[in-house]
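Colleague: Here it is, the structure in full.
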Amino acid sequence: MSAALAPRAIAVGARATRKPTKKNFRHALRAVVDSETPQGDQTKPMQVQRPTRDAVTLRPAGVSDAVVDSSKALEALAALGGNPYESERKSSIVTVGLSIHNCPVEIREKMAVPPEAWNDAVAELCAYPHIEEAGILSTCNRMEIYVVALSYERGLKEVEEWMVKHSGVDVESLREHLFVLKDRESTGHLLKVSGGLDSVVMGEGQILAQVKSVFAMGESEKAFGRHLTGLFKAAITAGKRVRSETSIASGAVSVSSAAAELVQMKLPSQSFEGVRVLIVGAGTMSKLLVKHLASKRCTEMTIVNRTKPRAEALAEEFPEVNMRIELMDQFLTLAGEHDVIFTASSAVDPIICKDDLAKMSVCGDAVGGKRRLVDIAVPRNVDANCCEDPNTLVYNVDDLKELAEINKAKREAAGLEAEALLLEEQRNFEAWRDSLETVPTIKRLRQKAENIRSAELDKAMTKLGDGLTNKQKKAVEELSRGIINKILHGPMAALRSDGSDPTAVALTLVNMHALERMFDLRNVDED
């Protein structure tokens, strides 16, 4: 144990000796799991990216880096000679994930969580003993699990255990590609993702819609609690600001537009003129494909879908495009008639393989005799063995990295502007989260005052005997309550903060620790 952590361990030990009750059990659990080192645990530690611990700064327990610049609060704390009355550590926000930057599609597709399975997945995560809240962001480029954990290390192990169980990928293979982030790194990462700064094509807008979708699913799910609700709200606000206040969203920015641009760039004439285009699926990805293909003067295409109504609705949105609508059972026949095939269906198994391609005729000169298969679905719609066909070129979401490099330079300046906005939104979120730390102190202060009032009132009533009428007894009790409320008004006001001003939050936390010490609130059980 390091010297920096020694005071915390002493405080934990002191609390652990108290008689455990139903009221204080959860606080005791929080303290013990973060300080205890399991004996005999031979589990191999995860070889994954971990956040580094910042240098220790003198400030109250629970004050985040969002309020480090609050000089008045820090000077006030320094004047107290440190932090001898540190309270319980708040839960950690932890991110465990896989992304296109460090994990191949073969593993990402096994980890994918479709919308219909989202609620069950987060409920399973929260069933583990050290996970309080959970949310999952699952897209074609990433699968990220966000949890609020009572214990960082144990919560991390539980998330890993769930990922292995869900995907069927062995633990060693999974650990090769995992990244792990905690607290500031975790919150900063989600804001960066929502702003499009972590996307294959910087600034793409589809990821913001996907973050909004997670928030919408979480609103009806108990496992998606107060902290993650606040975090995803902050991410949505940040994403909107980045796109409205910077030029990061200019040009081709979505996965669908990048796919259309990649194909155009790879065609011999760099034009869709004379090229026969087929799109599988009629969902959001396909809609964006149609939009961007039309902007590149591709106005003839075939849409294949499981049902016609959705495809017909898509055709109605683009009257300038001549769309042929067909059902999925005609796909392979139609594939042999087209030069470029975009697949964006929700099928869980491949819909085309090498043997299917071998039965198709060779394409014409417009595409250099090579049929293009562009698979932007996860799980993949195109079997990996299609790459072996000599007359076919296959692209998937990982190939969009090439286009990302082309766009990277021109968006770099806008990305720097966006970083400043994201930092501002992160500070606001952390200040809000810090402000929640005062809630238990407010409850304990009021409970202690009520305990004293009730005990003293009982003593007074005993001394007064039975001579008082019910009306007089009520007047005495109301008097005692009024005195308590008047005395508590000032301290309660000093503990309340809306979280909008980091400096105010820091001062509020200094007040909180002062009141905890003066009134010995850490020994008060909340009713």
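A note on labels: chains of the structure tokens are A, B, ... as shown, every chain counts residues from 1, and ligands are counted from 1 in their shown order.
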Mind checking DSSP for region 68-283 of chain A and telling me the strand (DSSP E) residues as a ChimeraX atom specification?
Modeller: /A:92-99,131-138,142-149,179-182,277-280
Colleague: Skip region 238-249 of chain A itself and residues of its chain fewer than 6 positions away, then list as JSON, numbers by chain all residues within 8 Å of it, counting only C-alpha atoms.
Modeller: {"A": [191, 194, 195, 196, 202, 203, 204, 205, 208, 411, 414, 415, 417, 418, 421, 422, 425]}
Colleague: What is the CA of Arg444 (chain A) to CA of Tyr152 (chain A) distance in Å?
Modeller: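 CA of Tyr152 (chain A) lies 26.4 Å from CA of Arg444 (chain A).
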Colleague: For CA of Lys370 (chain A) and CA of Val394 (chain A), quote the distance in Å rounded to one decimal.
Modeller: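 Computing it gives 9.9 Å between the two atoms.
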Colleague: Rank A:Cys363, A:Leu495, A:Val148, A:Val211 by their smallest atom-to-atom distance to Glu516 (chain A), using only C-alpha atoms, and report the top residue only.
Modeller: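 The answer is A:Leu495, which sits nearest to Glu516 (chain A).
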Colleague: Pick out the closest residue to Val362 (chain A) from this set: A:Lys157, A:Pro350, A:His338, A:Val382. Count only C-alpha atoms.
Modeller: A:His338
Colleague: CA of Gly283 (chain A) and CA of Arg297 (chain A) are how many Å apart?
Modeller: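 Result for CA of Gly283 (chain A) versus CA of Arg297 (chain A): 21.3 Å, one decimal.
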